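A.B. asks: For reference, the structure I am asking about is given below.
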Number of protein chains: 2
Amino acid sequence: LVINDPGFQHEDLNFLSRSERYDAAVKKSAWMILKLREYGISDPEEIFFYKSFVHRGRPEPLDLHLGMFLPTLLNQATPEQQDAFFMPAWNLKIIGTYAQTEMGHGTHIRGLETTATYDPSTQEFVLNSPTVTSIKWWPGGLGKTSNHAVVLAQLYTQGNCHGLHAFIVPIRCMTTHKPLPGVVVGDIGPKFGFDEVDNGFLKLENVRIPRENMLMKYAKVGKPDGTYKKPPSDKLTYSTMVFIRSMIVGESARSLSKACMIAIRYSAVRHQSELRAGEPEPQILDYQTQQYKLFPLLAAAYAFHFMGQYMIQMYHRISGDISQGDFSEMSELHALSAGLKAFTTWVATEGIEVCRMACGGHGYSRCSRLPDIYVTFAPTCTYEGENTVMMLQTARYLVKSYSQASAGQKLSGMVSYLNESQQHHLQAQPVTARSTVVNINDLTSLVEAYKLRAAKLVELAAKNLQHELQLKASKEDAWNNTSIELVRASDAHCHYVVVKTFAAKLTEVHDAAVHLALSTLALLYALHGMTENSGDFLQAGLLTVPQLSQVSQRVKELLSQVRPNAVALVDAFDYRDEILDSALGRYDGNVYESMFEWAQKSPLNQTEVHESYHKYLKPLQSKL
Amino acid sequence: LVINDPGFQHEDLNFLSRSERYDAAVKKSAWMILKLREYGISDPEEIFFYKSFVHRGRPEPLDLHLGMFLPTLLNQATPEQQDAFFMPAWNLKIIGTYAQTEMGHGTHIRGLETTATYDPSTQEFVLNSPTVTSIKWWPGGLGKTSNHAVVLAQLYTQGNCHGLHAFIVPIRCMTTHKPLPGVVVGDIGPKFGFDEVDNGFLKLENVRIPRENMLMKYAKVGKPDGTYKKPPSDKLTYSTMVFIRSMIVGESARSLSKACMIAIRYSAVRHQSELRAGEPEPQILDYQTQQYKLFPLLAAAYAFHFMGQYMIQMYHRISGDISQGDFSEMSELHALSAGLKAFTTWVATEGIEVCRMACGGHGYSRCSRLPDIYVTFAPTCTYEGENTVMMLQTARYLVKSYSQASAGQKLSGMVSYLNESQQHHLQAQPVTARSTVVNINDLTSLVEAYKLRAAKLVELAAKNLQHELQLKASKEDAWNNTSIELVRASDAHCHYVVVKTFAAKLTEVHDAAVHLALSTLALLYALHGMTENSGDFLQAGLLTVPQLSQVSQRVKELLSQVRPNAVALVDAFDYRDEILDSALGRYDGNVYESMFEWAQKSPLNQTEVHESYHKYLKPLQSKL
């Protein structure tokens, strides 16, 4: 539907200026809206994939309208507000964005400074950005595209502050698209990537909106006098956040897969140096160091695919439970989505750069697509919850679970191993006593080792916290002074969950050849992770020094076993050339012809002689 | 001289198109040449620093003319050739580049395919690019700026191939600047960074040059009949390569320093979340996790500064020896410069991104300068010898030295520890027997531990190689199958050298307060490296499990000790605001005002309503 549609024909964005790139994206997005209507595509996941085809995996100016503004109306508007706003927004009369972060405030949203003060004399809210740091900053589509924004602001009414609430604020004229009085709005300027998106700023100077523009499905300023009514629960917006973080786990898999696909295909095309004197230059994929860079990442890409699937399934299952009033698994889901979002995005972000550099100089060219994949993906480490903060949220859950287990409470779910750890503890069996059980050729045994490592590091963090609490007055200082250990514990927990999920997935694979190929990857993923974190496994007594040498040898054997299937394993990700959009990662392997063709379209080649020659170099020559 | 010169006034390159950026760079470079002449600046190091001020640390279109073309003429041209080419090149009549890499050939230069075939009938060389892969690719300044290139090509004469030689090839008309007949030349297109440089391609189709255009100081085709005369030695161009790699070590320090300067200053300005309920939001630099990200990198930046100084001093000393006919330390210098180039560029490249992400969302804005520092620096991992290849070159020296030591030869220099290791070996004292000697509070003892780790890993690699040789027929396969261990051994060797050099530098610092501040950093550098490589130290028996816990605790104490000096320690790098060019890293801390001012200059803000609204969004609204 997308690739054959002339309305989506691909311009090479690399050759355009920022303004032209934004223009091209708006053009495609407008066409996309028409097509979604024509085909009747309305399921959020279908929209997501259609959109990612249209924009070749890049973000676009209507992302926040579709992904945040419309859903916020659906979830937080009253029926009357939906009547007033939803259809205009659905029909793009209202183009909206979601303005939460401010220049001085990101992850800690309670610190937001924008104010919405109720004025009973006119039944309006008066919105203000009282400081420089309170200027809304970063929302996509805010800079040039939107004419409305959902603005998060501190609500003041009847002399009291009631904390953050959401308001629908018109920011541009619906006829002329010019900023409304009191609204200072614009683009925040060029970024590392996201060239197609007008991330914006918004400064509000006594902007008045009707009382009805506060989103009042839960909290309310329901009467003309400004009486405030609290929402029934704080956790109602929780679910969207968890969903987005779970989706990011899948996005880690997809972005890392694309990078592996490019680097592994190119490594099969590229020949270099000599392995044996006189013989032709080998494919660089035959070098052990190249395999060691790429195959563990390939294994991670598969691991994250399965992890992403698991998260979405878990999200749907637990959402179902929650809608039945069963909140029992909610905090586990929250903790898991936070930690895994951080764990997978960090690995994938670093991994994409490893893939890029594994392509040598050509990886640095925009024609490889790798710089683009990197700058598009890297912000996932920061947005939707900064990764270190996310790891610490997961750690809070782990330490709490550890305390519960210590107190004899029986834990379920992914943290149930903390029960065991306690039992062993009670029986005075140090973790180190179990070292000999690890069979490095058996995935089940490796899952067990990762579990025990996680248990050990959670215990370490919890004890450090207790120790700090004994030394210091405040629990905040104790937490801060343990935060390195806490992040390590979360990391180990997530690593365990990923290894476990990969192993579990294998039981669903019944084709023997596919099972073998995936088992090899799973073993590689687990053993490579052990070499990368060997200190932890040795320290916890889970591996002996001779075993660690065996692990290293086994990793090398696995690299050789992956080698014959490596190209097939990336082909299986099934990104078409149009979507992968990489001269190095082409399916047909015609890398060099494709690079040469691409280069000739470079804007600097539009003239034989660049004007700078006549302006500066020729005059210089005559002066010397 | 630079900052006050109106000819160098700074345009914000972030707001310009690629072609405008190239144009701006040519303009500045032309002015720079005039100024260098006016001030009589001709020392290469002075030129380097003047240039880096003019271009704010970015590469520029004349880099290869100044840094490669002119030096190549000086080093490889005969006196007659210098008469013919040097002054025109000095006066920019001839603008040159250095065309070595081809589309299909990078690090392995023997694989280059460009041919230069001598035709005695006209006394000319005929240059050809016989395949797509042989097209010259990447040389800076080749795309649009240069009218000449030093071309590396396989020399054919009298029916024989004599390998690679250098030829001066005119590529553009010196009057019109248009490509000459048979020359297909242009820009290779946009890259991750290096927007100001016209990295180019060059395809040669029967391009004829006079016999005198072969650089003949050493090798010669000195007679009209095409008789070839070999150069007296192969290693004469060795020295430039070693010099450039040594300079890159210093560049690692400078780039990482800038990134630390931005991230640490910003972390002192940025406030977030709560450490204690009710108190104001703390500076993010007070979070232990933030310190753990940034302070080890700060320590590494200092370590690399000292390492860079050491390398340049060593280079000058050994160059002196070489000119006196003493080649004894040349292979050590070569091995050290290769390994340290790789070691420091990898750490700095990753570190710059850690700094960027430690600035949260704002690090992603171009106004932070961090994306620019990253994309400008990252290619050092690839150019002047791909890092993994460099590590393997160092490993070759280490393994050779190990064999020499095993054979009873007495080694000197940085590898002398391999003697010791052999002595211990002969005395049947396993390395593990020495574990208790490490005093984690004593830098000398830590240097010793790094040394023994290196010895252990060199031994491990050498033994693995022997083992593979016993199993396999070919020594190439054995080498390839040991390459993971070889890279690890080189890495450990370089790490030891850096720790040792840092410790040695402290003995030159006599101011007590400065000594204390630097000692703290040195200790942090060494101990943090131990936690990062804890598996190695445990495996080698250099640390016990309880000691490793002490190391982690000590690292946390050191973070607290660095905290009060952190801003001063980055101020000491002394990059002026004009050069650092970062809204987040400003000396005065006015981060938010500066970001807001910068954003307003974004090209997307030049019009109130972007044309895409009228072209696509308004029409869309009327269709829905």
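Naming works like this for the structure tokens: A, B, ... for the chains as they're shown, residue 1 at the start of each chain, ligands 1 onward in shown order.
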Taking 4 positions as the minimum chain separation for residues in the same chain, which residues sit within 12 Å of B:Leu446 when counting only C-alpha atoms? Answer as an MDAnalysis selection string.

C.D. replies: chainID B and resid 435:442 450:453 495:500 502:503 522:530 537 542:543 551

A.B. asks: Find the residues around A:His55 up to 10 Å (only C-alpha atoms counted), leave out those fewer than 4 positions away in its own chain, and share them as a VMD selection string.

C.D. replies: chain A and resid 2 8 10 24 to 25 28 to 29 32 49 to 51 59 to 60 196 579

A.B. asks: Near stretch 291-300 of chain B, within 9 Å and counting only C-alpha atoms, which residues show up once chain neighbours fewer than 5 positions away are dropped, as an NGL selection string?

C.D. replies: (:A and (484)) or (:B and (253 or 256-257 or 260-261 or 263-264 or 284-286 or 305 or 344 or 347-348 or 351-352 or 354-355 or 358 or 518 or 520-525 or 528-529 or 555-556 or 559-560 or 562-563 or 566 or 569-570))

A.B. asks: Just write the chosen residues, N, CA, C and O atoms, as a compact mmCIF listing (two decimals), in the first residue's frame.

C.D. replies:
```txt
# COMPACT_ATOMS: atom_id res chain seq x y z
N ILE A 484 24.60 3.52 42.57
CA ILE A 484 25.40 2.74 41.62
C ILE A 484 25.04 1.26 41.72
O ILE A 484 24.79 0.59 40.72
N ALA B 253 42.10 13.31 24.08
CA ALA B 253 42.05 14.08 25.32
C ALA B 253 41.26 15.37 25.13
O ALA B 253 40.38 15.70 25.92
N LEU B 256 37.39 14.67 24.47
CA LEU B 256 36.74 14.21 25.70
C LEU B 256 36.69 15.32 26.75
O LEU B 256 35.69 15.47 27.46
N SER B 257 37.74 16.13 26.80
CA SER B 257 37.75 17.26 27.73
C SER B 257 36.61 18.23 27.45
O SER B 257 35.95 18.71 28.37
N CYS B 260 33.36 16.68 28.59
CA CYS B 260 33.27 16.71 30.06
C CYS B 260 32.99 18.12 30.56
O CYS B 260 32.23 18.33 31.50
N MET B 261 33.62 19.08 29.92
CA MET B 261 33.46 20.48 30.31
C MET B 261 32.00 20.89 30.18
O MET B 261 31.44 21.52 31.08
N ALA B 263 29.31 18.82 29.99
CA ALA B 263 28.39 18.03 30.82
C ALA B 263 28.54 18.37 32.30
O ALA B 263 27.55 18.44 33.03
N ILE B 264 29.76 18.62 32.75
CA ILE B 264 29.96 18.90 34.17
C ILE B 264 29.47 20.31 34.52
O ILE B 264 28.79 20.51 35.52
N ILE B 284 22.14 18.42 39.52
CA ILE B 284 22.21 17.01 39.15
C ILE B 284 23.62 16.43 39.35
O ILE B 284 23.79 15.23 39.42
N LEU B 285 24.60 17.31 39.51
CA LEU B 285 25.95 16.84 39.77
C LEU B 285 26.07 16.20 41.15
O LEU B 285 27.06 15.54 41.47
N ASP B 286 25.05 16.41 42.00
CA ASP B 286 25.07 15.80 43.33
C ASP B 286 24.54 14.37 43.34
O ASP B 286 24.62 13.70 44.36
N HIS B 305 45.43 13.40 28.30
CA HIS B 305 46.28 14.58 28.08
C HIS B 305 47.74 14.23 28.35
O HIS B 305 48.63 14.53 27.55
N THR B 344 42.52 5.06 23.13
CA THR B 344 42.00 6.36 23.57
C THR B 344 40.82 6.83 22.72
O THR B 344 39.89 7.43 23.24
N VAL B 347 37.63 4.93 23.90
CA VAL B 347 37.13 5.44 25.19
C VAL B 347 36.51 6.83 25.01
O VAL B 347 35.43 7.11 25.53
N ALA B 348 37.20 7.69 24.27
CA ALA B 348 36.70 9.05 24.11
C ALA B 348 35.40 9.08 23.31
O ALA B 348 34.47 9.82 23.65
N GLY B 351 32.75 7.93 25.47
CA GLY B 351 32.63 8.89 26.57
C GLY B 351 31.89 10.16 26.17
O GLY B 351 31.11 10.71 26.95
N ILE B 352 32.12 10.62 24.95
CA ILE B 352 31.43 11.83 24.50
C ILE B 352 29.91 11.60 24.49
O ILE B 352 29.13 12.45 24.91
N VAL B 354 28.33 9.43 26.37
CA VAL B 354 27.89 9.36 27.77
C VAL B 354 27.67 10.78 28.31
O VAL B 354 26.67 11.05 28.96
N CYS B 355 28.61 11.67 27.99
CA CYS B 355 28.46 13.07 28.41
C CYS B 355 27.19 13.68 27.81
O CYS B 355 26.44 14.39 28.48
N ALA B 358 24.20 12.36 29.48
CA ALA B 358 24.14 12.85 30.86
C ALA B 358 23.54 14.25 30.94
O ALA B 358 23.18 14.72 32.01
N LEU B 518 44.90 15.96 41.43
CA LEU B 518 45.25 15.05 40.34
C LEU B 518 45.44 13.61 40.82
O LEU B 518 45.11 12.66 40.11
N THR B 520 43.80 12.23 43.20
CA THR B 520 42.44 11.69 43.35
C THR B 520 41.91 11.20 42.00
O THR B 520 41.34 10.11 41.90
N LEU B 521 42.15 12.00 40.97
CA LEU B 521 41.70 11.59 39.63
C LEU B 521 42.44 10.34 39.16
O LEU B 521 41.84 9.44 38.55
N ALA B 522 43.73 10.29 39.43
CA ALA B 522 44.52 9.14 38.98
C ALA B 522 44.04 7.87 39.66
O ALA B 522 43.89 6.81 39.02
N LEU B 523 43.77 7.99 40.95
CA LEU B 523 43.28 6.84 41.71
C LEU B 523 41.90 6.42 41.18
O LEU B 523 41.62 5.24 41.00
N LEU B 524 41.07 7.42 40.92
CA LEU B 524 39.74 7.13 40.38
C LEU B 524 39.87 6.42 39.03
O LEU B 524 39.16 5.44 38.75
N TYR B 525 40.77 6.95 38.18
CA TYR B 525 40.94 6.33 36.86
C TYR B 525 41.33 4.86 37.01
O TYR B 525 40.76 3.98 36.35
N HIS B 528 38.41 2.74 38.93
CA HIS B 528 37.23 2.58 38.09
C HIS B 528 37.50 1.57 36.98
O HIS B 528 36.67 0.72 36.66
N GLY B 529 38.70 1.65 36.40
CA GLY B 529 39.09 0.68 35.38
C GLY B 529 39.09 -0.75 35.92
O GLY B 529 38.78 -1.69 35.19
N VAL B 555 35.81 3.75 45.07
CA VAL B 555 35.42 4.56 43.92
C VAL B 555 34.35 5.57 44.34
O VAL B 555 34.42 6.75 43.99
N LYS B 556 33.39 5.13 45.14
CA LYS B 556 32.34 6.05 45.58
C LYS B 556 32.89 7.18 46.46
O LYS B 556 32.48 8.33 46.34
N LEU B 559 34.51 9.68 44.17
CA LEU B 559 33.54 10.53 43.49
C LEU B 559 33.20 11.73 44.38
O LEU B 559 33.15 12.87 43.91
N SER B 560 32.98 11.47 45.66
CA SER B 560 32.66 12.57 46.58
C SER B 560 33.83 13.54 46.71
O SER B 560 33.63 14.74 46.88
N VAL B 562 36.03 14.19 44.36
CA VAL B 562 36.18 14.96 43.12
C VAL B 562 35.11 16.06 43.05
O VAL B 562 35.35 17.15 42.54
N ARG B 563 33.93 15.77 43.59
CA ARG B 563 32.78 16.67 43.45
C ARG B 563 33.08 18.16 43.66
O ARG B 563 32.78 18.97 42.79
N ALA B 566 35.12 19.50 40.78
CA ALA B 566 34.80 19.06 39.42
C ALA B 566 34.73 20.22 38.42
O ALA B 566 35.30 20.15 37.33
N LEU B 569 38.10 21.61 37.74
CA LEU B 569 38.91 20.69 36.93
C LEU B 569 38.56 20.76 35.45
O LEU B 569 39.40 20.48 34.60
N VAL B 570 37.33 21.11 35.11
CA VAL B 570 37.02 21.31 33.69
C VAL B 570 37.34 22.74 33.25
O VAL B 570 37.76 22.95 32.11
```

A.B. asks: Would you mind listing what lies within 10 Å of A:Glu420 as a PyMOL selection string, with only C-alpha atoms counted and same-chain residues fewer than 6 positions away left out?

C.D. replies: chain A and resi 405+410-411+426+452+455

A.B. asks: Can you tell me, as an mmCIF file with C-alpha atoms, in the first residue's frame, what residues are no more than 9 Å from A:His65 when counting only C-alpha atoms, ignoring any on the same chain fewer than 5 positions away?

C.D. replies:
```
data_model
loop_
_atom_site.group_PDB
_atom_site.id
_atom_site.type_symbol
_atom_site.label_atom_id
_atom_site.label_comp_id
_atom_site.auth_asym_id
_atom_site.auth_seq_id
_atom_site.Cartn_x
_atom_site.Cartn_y
_atom_site.Cartn_z
ATOM 1 C CA LEU A 70 -6.059 12.262 20.206
ATOM 2 C CA PRO A 71 -5.507 9.543 22.855
ATOM 3 C CA ALA A 89 -9.076 16.982 15.896
ATOM 4 C CA LEU A 92 -7.242 17.911 11.463
ATOM 5 C CA ILE A 95 -3.885 19.910 15.057
ATOM 6 C CA GLY A 96 -2.611 19.187 18.505
ATOM 7 C CA THR A 97 0.515 18.408 20.450
ATOM 8 C CA TYR A 98 1.255 17.433 24.027
ATOM 9 C CA GLY A 140 7.090 17.447 18.596
ATOM 10 C CA GLY A 141 4.872 19.292 16.146
ATOM 11 C CA SER A 146 0.054 22.514 15.689
#
```

A.B. asks: Please run DSSP on the backbone and report, as a PyMOL selection string, all residues within stretch 106-341 of chain B that come out as strand (DSSP E).

C.D. replies: chain B and resi 115-119+124-128+136-137+148-157+160-170+183-187+200-204+207-210+220-221+228-229
